[in-house]
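Colleague: Have a peek at query37.cif (mmCIF, N, CA and C atoms).
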data_entry
loop_
_atom_site.group_PDB
_atom_site.id
_atom_site.type_symbol
_atom_site.label_atom_id
_atom_site.label_comp_id
_atom_site.auth_asym_id
_atom_site.auth_seq_id
_atom_site.Cartn_x
_atom_site.Cartn_y
_atom_site.Cartn_z
ATOM 1 N N MET A 9 -67.590 24.656 26.991
ATOM 2 C CA MET A 9 -66.962 25.840 27.531
ATOM 3 C C MET A 9 -66.213 26.595 26.441
ATOM 4 N N VAL A 10 -65.572 25.905 25.553
ATOM 5 C CA VAL A 10 -64.805 26.556 24.495
ATOM 6 C C VAL A 10 -65.726 27.309 23.549
ATOM 7 N N THR A 11 -66.906 26.817 23.335
ATOM 8 C CA THR A 11 -67.820 27.462 22.398
ATOM 9 C C THR A 11 -68.259 28.844 22.879
ATOM 10 N N LEU A 12 -68.120 29.135 24.149
ATOM 11 C CA LEU A 12 -68.465 30.456 24.641
ATOM 12 C C LEU A 12 -67.570 31.544 24.059
ATOM 13 N N TYR A 13 -66.341 31.188 23.721
ATOM 14 C CA TYR A 13 -65.366 32.170 23.269
ATOM 15 C C TYR A 13 -65.148 32.155 21.763
ATOM 16 N N LEU A 14 -65.827 31.305 21.040
ATOM 17 C CA LEU A 14 -65.688 31.266 19.591
ATOM 18 C C LEU A 14 -66.546 32.359 18.959
ATOM 19 N N PRO A 15 -65.991 33.088 17.998
ATOM 20 C CA PRO A 15 -66.800 34.127 17.349
ATOM 21 C C PRO A 15 -67.847 33.509 16.420
ATOM 22 N N GLU A 16 -69.008 34.124 16.385
ATOM 23 C CA GLU A 16 -70.053 33.661 15.490
ATOM 24 C C GLU A 16 -69.806 34.222 14.099
ATOM 25 N N PRO A 17 -70.323 33.582 13.067
ATOM 26 C CA PRO A 17 -70.149 34.116 11.716
ATOM 27 C C PRO A 17 -70.763 35.517 11.594
ATOM 28 N N GLY A 18 -69.997 36.440 11.020
ATOM 29 C CA GLY A 18 -70.461 37.805 10.834
ATOM 30 C C GLY A 18 -70.322 38.689 12.064
ATOM 31 N N MET A 19 -69.763 38.166 13.114
ATOM 32 C CA MET A 19 -69.613 38.925 14.348
ATOM 33 C C MET A 19 -68.430 39.888 14.231
ATOM 34 N N ARG A 20 -68.643 41.151 14.636
ATOM 35 C CA ARG A 20 -67.557 42.118 14.614
ATOM 36 C C ARG A 20 -66.630 41.858 15.787
ATOM 37 N N ARG A 21 -65.346 41.920 15.515
ATOM 38 C CA ARG A 21 -64.364 41.692 16.572
ATOM 39 C C ARG A 21 -63.901 43.025 17.130
ATOM 40 N N ARG A 22 -63.863 43.134 18.438
ATOM 41 C CA ARG A 22 -63.404 44.351 19.104
ATOM 42 C C ARG A 22 -62.179 44.013 19.939
ATOM 43 N N ASP A 23 -61.069 43.915 19.284
ATOM 44 C CA ASP A 23 -59.829 43.579 19.981
ATOM 45 C C ASP A 23 -58.954 44.816 20.119
ATOM 46 N N ALA A 24 -58.072 44.766 21.084
ATOM 47 C CA ALA A 24 -57.098 45.841 21.248
ATOM 48 C C ALA A 24 -56.039 45.713 20.149
ATOM 49 N N THR A 25 -55.315 46.781 19.930
ATOM 50 C CA THR A 25 -54.243 46.723 18.927
ATOM 51 C C THR A 25 -53.183 45.736 19.382
ATOM 52 N N ASN A 26 -52.402 45.275 18.454
ATOM 53 C CA ASN A 26 -51.416 44.235 18.761
ATOM 54 C C ASN A 26 -50.287 44.724 19.663
ATOM 55 N N ASP A 27 -50.014 46.002 19.685
ATOM 56 C CA ASP A 27 -48.885 46.494 20.462
ATOM 57 C C ASP A 27 -49.282 47.171 21.773
ATOM 58 N N TRP A 28 -50.498 46.958 22.243
ATOM 59 C CA TRP A 28 -50.927 47.624 23.475
ATOM 60 C C TRP A 28 -50.115 47.152 24.665
ATOM 61 N N GLY A 29 -49.732 45.902 24.675
ATOM 62 C CA GLY A 29 -48.985 45.353 25.806
ATOM 63 C C GLY A 29 -47.600 45.941 25.950
ATOM 64 N N SER A 30 -46.958 46.218 24.833
ATOM 65 C CA SER A 30 -45.621 46.790 24.914
ATOM 66 C C SER A 30 -45.673 48.234 25.386
ATOM 67 N N LYS A 31 -46.695 48.968 25.016
ATOM 68 C CA LYS A 31 -46.810 50.359 25.456
ATOM 69 C C LYS A 31 -47.153 50.428 26.939
ATOM 70 N N VAL A 32 -48.188 49.713 27.339
ATOM 71 C CA VAL A 32 -48.622 49.735 28.733
ATOM 72 C C VAL A 32 -47.604 49.027 29.616
ATOM 73 N N GLY A 33 -47.079 47.919 29.143
ATOM 74 C CA GLY A 33 -46.104 47.161 29.931
ATOM 75 C C GLY A 33 -44.825 47.936 30.156
ATOM 76 N N GLY A 34 -44.377 48.650 29.138
ATOM 77 C CA GLY A 34 -43.158 49.438 29.278
ATOM 78 C C GLY A 34 -43.328 50.557 30.287
ATOM 79 N N LEU A 35 -44.458 51.223 30.232
ATOM 80 C CA LEU A 35 -44.725 52.301 31.189
ATOM 81 C C LEU A 35 -44.835 51.751 32.605
ATOM 82 N N THR A 36 -45.507 50.636 32.757
ATOM 83 C CA THR A 36 -45.652 50.010 34.070
ATOM 84 C C THR A 36 -44.295 49.596 34.624
ATOM 85 N N LEU A 37 -43.452 49.029 33.770
ATOM 86 C CA LEU A 37 -42.127 48.605 34.196
ATOM 87 C C LEU A 37 -41.304 49.790 34.682
ATOM 88 N N LEU A 38 -41.369 50.907 33.973
ATOM 89 C CA LEU A 38 -40.620 52.087 34.396
ATOM 90 C C LEU A 38 -41.116 52.617 35.737
ATOM 91 N N VAL A 39 -42.417 52.671 35.914
ATOM 92 C CA VAL A 39 -42.981 53.176 37.175
ATOM 93 C C VAL A 39 -42.597 52.268 38.339
ATOM 94 N N VAL A 40 -42.703 50.974 38.135
ATOM 95 C CA VAL A 40 -42.357 50.032 39.204
ATOM 96 C C VAL A 40 -40.866 50.101 39.512
ATOM 97 N N ALA A 41 -40.020 50.230 38.498
ATOM 98 C CA ALA A 41 -38.575 50.323 38.724
ATOM 99 C C ALA A 41 -38.231 51.572 39.532
ATOM 100 N N VAL A 42 -38.864 52.690 39.217
ATOM 101 C CA VAL A 42 -38.604 53.923 39.969
ATOM 102 C C VAL A 42 -39.072 53.773 41.409
ATOM 103 N N LEU A 43 -40.244 53.186 41.611
ATOM 104 C CA LEU A 43 -40.727 52.981 42.981
ATOM 105 C C LEU A 43 -39.795 52.080 43.785
ATOM 106 N N ILE A 44 -39.311 51.031 43.161
ATOM 107 C CA ILE A 44 -38.401 50.123 43.862
ATOM 108 C C ILE A 44 -37.116 50.845 44.236
ATOM 109 N N LEU A 45 -36.593 51.656 43.323
ATOM 110 C CA LEU A 45 -35.375 52.403 43.629
ATOM 111 C C LEU A 45 -35.606 53.417 44.748
ATOM 112 N N VAL A 46 -36.709 54.146 44.683
ATOM 113 C CA VAL A 46 -36.978 55.165 45.709
ATOM 114 C C VAL A 46 -37.182 54.526 47.068
ATOM 115 N N ILE A 47 -37.983 53.491 47.125
ATOM 116 C CA ILE A 47 -38.264 52.842 48.416
ATOM 117 C C ILE A 47 -37.047 52.050 48.903
ATOM 118 N N GLY A 48 -36.295 51.464 47.986
ATOM 119 C CA GLY A 48 -35.144 50.658 48.386
ATOM 120 C C GLY A 48 -33.925 51.471 48.758
ATOM 121 N N VAL A 49 -33.674 52.566 48.050
ATOM 122 C CA VAL A 49 -32.480 53.361 48.311
ATOM 123 C C VAL A 49 -32.724 54.358 49.438
ATOM 124 N N TYR A 50 -33.918 54.940 49.472
ATOM 125 C CA TYR A 50 -34.238 55.931 50.484
ATOM 126 C C TYR A 50 -35.437 55.476 51.310
ATOM 127 N N PRO A 51 -35.294 54.403 52.113
ATOM 128 C CA PRO A 51 -36.468 53.906 52.836
ATOM 129 C C PRO A 51 -36.896 54.813 53.991
ATOM 130 N N ALA A 52 -35.970 55.493 54.644
ATOM 131 C CA ALA A 52 -36.327 56.301 55.812
ATOM 132 C C ALA A 52 -37.274 57.445 55.454
ATOM 133 N N PRO A 53 -37.026 58.226 54.397
ATOM 134 C CA PRO A 53 -37.981 59.285 54.064
ATOM 135 C C PRO A 53 -39.364 58.738 53.709
ATOM 136 N N VAL A 54 -39.399 57.599 53.045
ATOM 137 C CA VAL A 54 -40.690 57.015 52.682
ATOM 138 C C VAL A 54 -41.424 56.553 53.930
ATOM 139 N N ILE A 55 -40.704 55.952 54.873
ATOM 140 C CA ILE A 55 -41.322 55.505 56.123
ATOM 141 C C ILE A 55 -41.831 56.706 56.916
ATOM 142 N N ASP A 56 -41.030 57.765 56.980
ATOM 143 C CA ASP A 56 -41.460 58.976 57.691
ATOM 144 C C ASP A 56 -42.699 59.585 57.045
ATOM 145 N N TRP A 57 -42.746 59.555 55.729
ATOM 146 C CA TRP A 57 -43.893 60.097 54.991
ATOM 147 C C TRP A 57 -45.161 59.296 55.293
ATOM 148 N N VAL A 58 -45.028 57.962 55.322
ATOM 149 C CA VAL A 58 -46.187 57.110 55.615
ATOM 150 C C VAL A 58 -46.646 57.315 57.046
ATOM 151 N N VAL A 59 -45.711 57.418 57.987
ATOM 152 C CA VAL A 59 -46.074 57.652 59.385
ATOM 153 C C VAL A 59 -46.755 59.009 59.528
ATOM 154 N N GLY A 60 -46.271 60.013 58.794
ATOM 155 C CA GLY A 60 -46.891 61.336 58.839
ATOM 156 C C GLY A 60 -48.309 61.315 58.278
ATOM 157 N N LEU A 61 -48.527 60.527 57.245
ATOM 158 C CA LEU A 61 -49.865 60.429 56.668
ATOM 159 C C LEU A 61 -50.837 59.713 57.600
ATOM 160 N N SER A 62 -50.324 58.738 58.339
ATOM 161 C CA SER A 62 -51.213 57.975 59.208
ATOM 162 C C SER A 62 -51.544 58.737 60.493
ATOM 163 N N GLY A 63 -50.773 59.749 60.818
ATOM 164 C CA GLY A 63 -51.065 60.562 61.996
ATOM 165 C C GLY A 63 -50.620 59.945 63.303
ATOM 166 N N VAL A 64 -49.716 58.987 63.245
ATOM 167 C CA VAL A 64 -49.246 58.318 64.464
ATOM 168 C C VAL A 64 -48.091 59.085 65.046
#
So, in terms of structure tokens, how does the structure I just supplied come out?
Modeller:
Amino acid sequence: MVTLYLPEPGMRRRDATNDWGSKVGGLTLLVVAVLILVIGVYPAPVIDWVVGLSGV
């Protein structure tokens, strides 16, 4: 099983840059933090918005 992931001699490596996780992770963290604050601090408008979208 391990041999499936070993690079062969002369094989070109296509890896992401070393700092991709910090860029994407930081943006994701900010978006999730804002969503948590909006839904947690102002739950009634969000609930009304969802009910309005569902047509109930």
Colleague: If you run DSSP on the backbone here, which positions in chain A get alpha helix (DSSP H)? Please write them as a PyMOL selection string.
Modeller: chain A and resi 28-49+51-62
Colleague: Can you sort out the box for region 48-53 of chain A, edges along x, y and z, all listed atoms in, 6 Å on every side, with centre and edge lengths in Å to one decimal, as JSON?
Modeller:
{"center_x": -35.9, "center_y": 55.0, "center_z": 51.9, "size_x": 18.9, "size_y": 20.6, "size_z": 19.8}
Colleague: Provide the CA of Tyr50 (chain A) to atom N of Val32 (chain A) distance in Å, to one decimal place.
Modeller: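 Distance between the two atoms: 27.7 Å.
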Colleague: One decimal, in Å: what's the spacing between CA of Val59 (chain A) and CA of Ile47 (chain A)?
Modeller: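 That distance, rounded to one decimal, is 14.3 Å.
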Colleague: What is the atom N of Leu35 (chain A) to atom C of Trp57 (chain A) distance in Å?
Modeller: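 Going from atom N of Leu35 (chain A) over to atom C of Trp57 (chain A) covers 26.3 Å.
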